[in-house]
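Novice: What follows is a single structure, and I will ask about it in a moment.
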Number of protein chains: 2
Amino acid sequence: MSVKAEQRSVSEVSVIQIMPSWSSGPSKTAILTFIDEVCKEGGESYVRPEDRIAVFDNDGTLWAEQPIYFQALYAFDRVKEMAPQHPEWKEREPFRSVLAGDLKKALSGGEKSLLEIVKVTHSGMTTEEFAASVRKWIDSAKHPQTGVPIKEMVYQPMLELLDTMRKWGFKTYIVSGGGIDFMRVFSEEVYGIPPEQVIGSSVEVKFELRDGVPVIVREPKVGFIDDKEGKPVGIHTHIGKRPIAAFGNSDGDLQMLQWTAAGDGKRLCVYIHHTDAEREWAYDRDSHIGKLDKGLDEAKAKGWTVVDMKEEWNKIFK
Amino acid sequence: MSVKAEQRSVSEVSVIQIMPSWSSGPSKTAILTFIDEVCKEGGESYVRPEDRIAVFDNDGTLWAEQPIYFQALYAFDRVKEMAPQHPEWKEREPFRSVLAGDLKKALSGGEKSLLEIVKVTHSGMTTEEFAASVRKWIDSAKHPQTGVPIKEMVYQPMLELLDTMRKWGFKTYIVSGGGIDFMRVFSEEVYGIPPEQVIGSSVEVKFELRDGVPVIVREPKVGFIDDKEGKPVGIHTHIGKRPIAAFGNSDGDLQMLQWTAAGDGKRLCVYIHHTDAEREWAYDRDSHIGKLDKGLDEAKAKGWTVVDMKEEWNKIFK
Ligand SMILES: [Ca+2]
Ligand SMILES: [Ca+2]
């Protein structure tokens, strides 16, 4: 896509036509003003297209994350699928509870239980076998409460935002605590973001020759954790440039927003605030998932953009 | 750049005009035939532009690597620069020998000595301080034997190849045992490859707030080693797709070429063979740097392309 062709001022275009699922309000104005200023050639806030890096958290920012991270749903389905080969799981937590359908109990051990489940269900196979397994799952999985296909539980306003930013020459990245190889399977189809622009957590992988055939094998060892302090590190490792715009929804994104904000020139830092209990879920400071507490305070103190989903999004899901 | 505009057959264009520093010969034919076949819409070997991933080793493939890796020259210069703050180095190998100008002795401890030097000289600073240091060095450093600026010790035929492949819609990546943050400083200027398309070895980095200012700090700990089995792993981590073309010059690239070759459809695996003792350096099976032994055997056995620099490149340096 030629950026040149898009070099009119944002303000020349009706803002109602751009990102129609965003109601007029402070967030839409802040976002469009930012895009306008960094893209205006000759303007004092101009940023070259190659430096227009925008990073997006995934769970709770691009798609929903309640009542539990969708990748955990995949892990639970894998436990059931793998159970016949693991008779010992009938006696062993957290697997026993997953198999009994008692997810609350399965996760009572907190993050440690979830990590244990992820480690076992996401390893012991080649990268290609894993991708095929995720592909099969994502094409049929439905949300446990809404019954909507998982890959339609994405936020329409964010799809419009991604598209708008790309039209204005931004390179859009996912930077998520979720699994990098999990998200890469559907990131292009669902968000228009190619695999090489997905940054996430990983298990360790190992190259080997199996009967002369080279494979990359997923090990049952946690590799990189792309959360909190890990997010700026993941960005540095994969992109090697500091983003000029960052979007998140929880305290896990705070360091990414701080790192983005601290660069020279105009910056855009945005928190998606889950305020709509009717059309989605309302949660922040006390949530077991996507807790937004310190981040909300810092956003207020620093004048970052906080999107009120209930007030500012006239449509939520795709 | 629009790929569409380039969708004529390679054979319609005079092959003498394309990549003029390549003499007519088996390598040029193999490369242009490959590009032609994977880009021909409707052809049985057609590959979509988003899957046209080409990976290039750096030292000895894109620029020279004799008498020693250029990054080691940077490390030695850093040792001299840092010496006043490290009086203990006068008594401690390998630093003592570096300061005495005896590089042969400094490196007599092999890779371990070099790693020790790199660890110390490439850490203990923020990522931005490191980039500024490399920038200053690369803009003035000269080759110890030729006296030519280091950043002109690049192979003109490879620059033409990179450019040609990009014109045909390929995304070109560096995949090197060299430091990722070292190469990223000059990869765009020297090769037209942006930082986010550079994969390399790294030290561990850590995010922290210093008096409220977020920084990423380089630690004196080896992180990822992007060599041998590490190359397919680095490719998987950063790109998440299997390349369809790979270029290297040593046994350190063998696994990358194997991984590339083993994918479905048409593949291009190329070794640059250093055969020109007059215009460059001639070395392969017994070299202390860029050893090409197993790789040469496997290339012959599998029919990969081996570029005879002396015979097939009518110009070597930029
Ligand atoms: Ca989140
Ligand atoms: Ca090499």
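By order in the structure tokens, chains are A, B, ...; within a chain, residues start at 1; ligands start at 1, following the order shown.
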Report as a count of residues only which protein, DNA and RNA residues come within 10 Å of ligand 1, using only C-alpha atoms and all ligand atoms.
Specialist: 29
Novice: Could you work out which residues of chain B fall inside 9 Å of chain A? Count only C-alpha atoms, and format the result as a VMD selection string.
Specialist: chain B and resid 1 to 2 50 127 180 to 181 184 194 to 199 202 205 to 208 213 to 216 229 to 233 236 to 241 255 258 to 259 262
Novice: As a ChimeraX atom specification, which residues of region 116-236 of chain B does DSSP assign to helix (DSSP H, G or I)?
Specialist: /B:116-121,127-138,150-152,156-167,180-183,187-191,195-197,230-236
Novice: I need the residues from that last selection saved to file as a PDB file, in the first residue's frame (with C-alpha atoms), if you can.
Specialist:
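Output file result.pdb follows:
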ATOM      1  CA  GLU B 116      34.400 -13.193  27.318  1.00  0.00           C
ATOM      2  CA  ILE B 117      35.421 -10.031  25.488  1.00  0.00           C
ATOM      3  CA  VAL B 118      32.030  -9.600  23.836  1.00  0.00           C
ATOM      4  CA  LYS B 119      30.173 -10.124  27.109  1.00  0.00           C
ATOM      5  CA  VAL B 120      32.103  -7.389  28.878  1.00  0.00           C
ATOM      6  CA  THR B 121      32.243  -4.872  26.039  1.00  0.00           C
ATOM      7  CA  THR B 127      20.266  -0.425  24.552  1.00  0.00           C
ATOM      8  CA  GLU B 128      20.306   3.189  23.361  1.00  0.00           C
ATOM      9  CA  GLU B 129      23.835   3.794  24.654  1.00  0.00           C
ATOM     10  CA  PHE B 130      24.991   0.607  22.938  1.00  0.00           C
ATOM     11  CA  ALA B 131      23.405   1.609  19.627  1.00  0.00           C
ATOM     12  CA  ALA B 132      25.066   5.040  19.806  1.00  0.00           C
ATOM     13  CA  SER B 133      28.442   3.392  20.448  1.00  0.00           C
ATOM     14  CA  VAL B 134      28.093   1.034  17.463  1.00  0.00           C
ATOM     15  CA  ARG B 135      26.874   3.904  15.275  1.00  0.00           C
ATOM     16  CA  LYS B 136      29.958   5.951  16.096  1.00  0.00           C
ATOM     17  CA  TRP B 137      32.248   2.989  15.436  1.00  0.00           C
ATOM     18  CA  ILE B 138      30.701   1.787  12.170  1.00  0.00           C
ATOM     19  CA  ILE B 150      34.182  -1.556   7.256  1.00  0.00           C
ATOM     20  CA  LYS B 151      30.745  -0.771   5.938  1.00  0.00           C
ATOM     21  CA  GLU B 152      32.066  -0.883   2.377  1.00  0.00           C
ATOM     22  CA  GLN B 156      28.153  -5.953  -4.419  1.00  0.00           C
ATOM     23  CA  PRO B 157      26.636  -9.124  -5.977  1.00  0.00           C
ATOM     24  CA  MET B 158      24.729  -9.780  -2.760  1.00  0.00           C
ATOM     25  CA  LEU B 159      23.426  -6.200  -2.623  1.00  0.00           C
ATOM     26  CA  GLU B 160      22.128  -6.671  -6.160  1.00  0.00           C
ATOM     27  CA  LEU B 161      20.588 -10.002  -5.193  1.00  0.00           C
ATOM     28  CA  LEU B 162      18.858  -8.531  -2.111  1.00  0.00           C
ATOM     29  CA  ASP B 163      17.496  -5.710  -4.213  1.00  0.00           C
ATOM     30  CA  THR B 164      16.297  -8.041  -6.965  1.00  0.00           C
ATOM     31  CA  MET B 165      14.548 -10.377  -4.560  1.00  0.00           C
ATOM     32  CA  ARG B 166      12.815  -7.459  -2.833  1.00  0.00           C
ATOM     33  CA  LYS B 167      11.637  -6.143  -6.208  1.00  0.00           C
ATOM     34  CA  ILE B 180      21.308  -8.663  16.725  1.00  0.00           C
ATOM     35  CA  ASP B 181      21.644  -5.184  18.241  1.00  0.00           C
ATOM     36  CA  PHE B 182      25.039  -4.659  16.615  1.00  0.00           C
ATOM     37  CA  MET B 183      23.761  -5.374  13.100  1.00  0.00           C
ATOM     38  CA  SER B 187      21.402  -3.048   8.433  1.00  0.00           C
ATOM     39  CA  GLU B 188      19.012  -0.536   6.864  1.00  0.00           C
ATOM     40  CA  GLU B 189      21.733   1.778   5.583  1.00  0.00           C
ATOM     41  CA  VAL B 190      24.085  -0.961   4.352  1.00  0.00           C
ATOM     42  CA  TYR B 191      21.676  -3.666   3.139  1.00  0.00           C
ATOM     43  CA  PRO B 195      15.932  -3.643  12.216  1.00  0.00           C
ATOM     44  CA  GLU B 196      12.809  -5.801  12.589  1.00  0.00           C
ATOM     45  CA  GLN B 197      14.141  -8.108   9.853  1.00  0.00           C
ATOM     46  CA  GLY B 230      20.037 -21.890  16.714  1.00  0.00           C
ATOM     47  CA  LYS B 231      19.368 -20.504  13.240  1.00  0.00           C
ATOM     48  CA  PRO B 232      16.136 -22.424  12.524  1.00  0.00           C
ATOM     49  CA  VAL B 233      15.086 -21.631  16.102  1.00  0.00           C
ATOM     50  CA  GLY B 234      15.762 -17.908  15.594  1.00  0.00           C
ATOM     51  CA  ILE B 235      13.836 -18.000  12.325  1.00  0.00           C
ATOM     52  CA  HIS B 236      10.909 -19.727  13.992  1.00  0.00           C
TER      53      HIS B 236
END
Novice: Closest to ligand 2 among B:Asn314, B:Ser123, B:Gln66, B:Ser113, using only C-alpha atoms and all ligand atoms?
Specialist: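 Closest to ligand 2, using only C-alpha atoms and all ligand atoms: B:Gln66.
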Novice: Using only C-alpha atoms and all ligand atoms for the distances, tell me which of B:Asp77, B:Phe70, B:Ala277, B:Pro149 is nearest to ligand 2.
Specialist: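 Closest to ligand 2, using only C-alpha atoms and all ligand atoms: B:Phe70.
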Novice: When you look at Ala246 (chain B) with a cut-off of 7 Å (counting only C-alpha atoms), what residues show up, excluding the ones that are within fewer than 3 positions of it in the same chain? I need them as a PyMOL selection string.
Specialist: chain B and resi 54-56+243+257+260+268-270
Novice: Keeping only N, CA and C atoms, take the residues you just selected and write them out as a PDB file, in the first residue's frame.
Specialist:
ATOM      1  N   ALA B  54      13.105 -14.842   2.475  1.00  0.00           N
ATOM      2  CA  ALA B  54      14.494 -15.199   2.147  1.00  0.00           C
ATOM      3  C   ALA B  54      15.403 -14.794   3.293  1.00  0.00           C
ATOM      4  N   VAL B  55      16.262 -15.720   3.731  1.00  0.00           N
ATOM      5  CA  VAL B  55      17.138 -15.460   4.874  1.00  0.00           C
ATOM      6  C   VAL B  55      18.601 -15.480   4.452  1.00  0.00           C
ATOM      7  N   PHE B  56      19.366 -14.548   5.011  1.00  0.00           N
ATOM      8  CA  PHE B  56      20.765 -14.384   4.642  1.00  0.00           C
ATOM      9  C   PHE B  56      21.639 -14.347   5.892  1.00  0.00           C
ATOM     10  N   PRO B 243      11.393 -20.217   5.669  1.00  0.00           N
ATOM     11  CA  PRO B 243      11.862 -19.506   4.459  1.00  0.00           C
ATOM     12  C   PRO B 243      11.766 -20.414   3.231  1.00  0.00           C
ATOM     13  N   LEU B 257      19.887 -24.070   6.161  1.00  0.00           N
ATOM     14  CA  LEU B 257      19.646 -24.528   4.796  1.00  0.00           C
ATOM     15  C   LEU B 257      18.820 -25.821   4.787  1.00  0.00           C
ATOM     16  N   THR B 260      15.224 -24.904   5.529  1.00  0.00           N
ATOM     17  CA  THR B 260      14.634 -24.269   4.347  1.00  0.00           C
ATOM     18  C   THR B 260      14.327 -25.311   3.278  1.00  0.00           C
ATOM     19  N   LEU B 268      15.255 -22.720  -2.573  1.00  0.00           N
ATOM     20  CA  LEU B 268      16.580 -22.315  -3.050  1.00  0.00           C
ATOM     21  C   LEU B 268      17.550 -22.275  -1.868  1.00  0.00           C
ATOM     22  N   CYS B 269      18.572 -23.134  -1.917  1.00  0.00           N
ATOM     23  CA  CYS B 269      19.595 -23.144  -0.873  1.00  0.00           C
ATOM     24  C   CYS B 269      20.942 -22.848  -1.504  1.00  0.00           C
ATOM     25  N   VAL B 270      21.618 -21.829  -0.985  1.00  0.00           N
ATOM     26  CA  VAL B 270      22.834 -21.351  -1.634  1.00  0.00           C
ATOM     27  C   VAL B 270      23.974 -21.212  -0.628  1.00  0.00           C
TER      28      VAL B 270
END
Novice: Can you list, as a list in words, every residue of region 158-218 of chain B that DSSP puts in strand (DSSP E)?
Specialist: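 DSSP-assigned strand (DSSP E) residues in region 158-218 of chain B: Lys171, Thr172, Tyr173, Ile174, Val175, Ser176, Gly177, Gly178, Gly179, Val198, Ile199, Gly200, Ser201, Val203, Glu204, Val205, Lys206, Phe207, Glu208, Leu209, Arg210, Val213, Pro214, Val215, Ile216, Val217 and Arg218 of chain B.
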Novice: For ligand 2, which residue among B:Phe317, B:Asp308, B:Asp284, B:Lys142 is the nearest when counting only C-alpha atoms and all ligand atoms?
Specialist: B:Asp284
Novice: Kindly indicate which residue among A:Ser287, A:Ser97, A:Thr275, A:Gln145 lies nearest to Glu312 (chain A), using only C-alpha atoms for the distances.
Specialist: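 For Glu312 (chain A), the nearest of the candidates is A:Thr275.
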Novice: Report, in Å to a single decimal, how far apart CA of Val38 (chain A) and CA of Asp264 (chain A) are.
Specialist: 12.2 Å
Novice: Using only C-alpha atoms and all ligand atoms, which of the listed residues (B:His273, B:Lys266, B:Arg210, B:Arg242) sits closest to ligand 2?
Specialist: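 That would be B:His273, the residue with the smallest distance to ligand 2.
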Novice: Between B:Gly295, B:Gly303, B:Pro26, B:Gly223, which residue has the minimum interatomic distance to ligand 2, considering only C-alpha atoms and all ligand atoms?
Specialist: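 Checking each candidate against ligand 2, we get B:Gly295 as the closest.
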Novice: To one decimal place, how far is CA of Phe95 (chain B) from CA of Asp226 (chain B) in Å?
Specialist: 25.0 Å
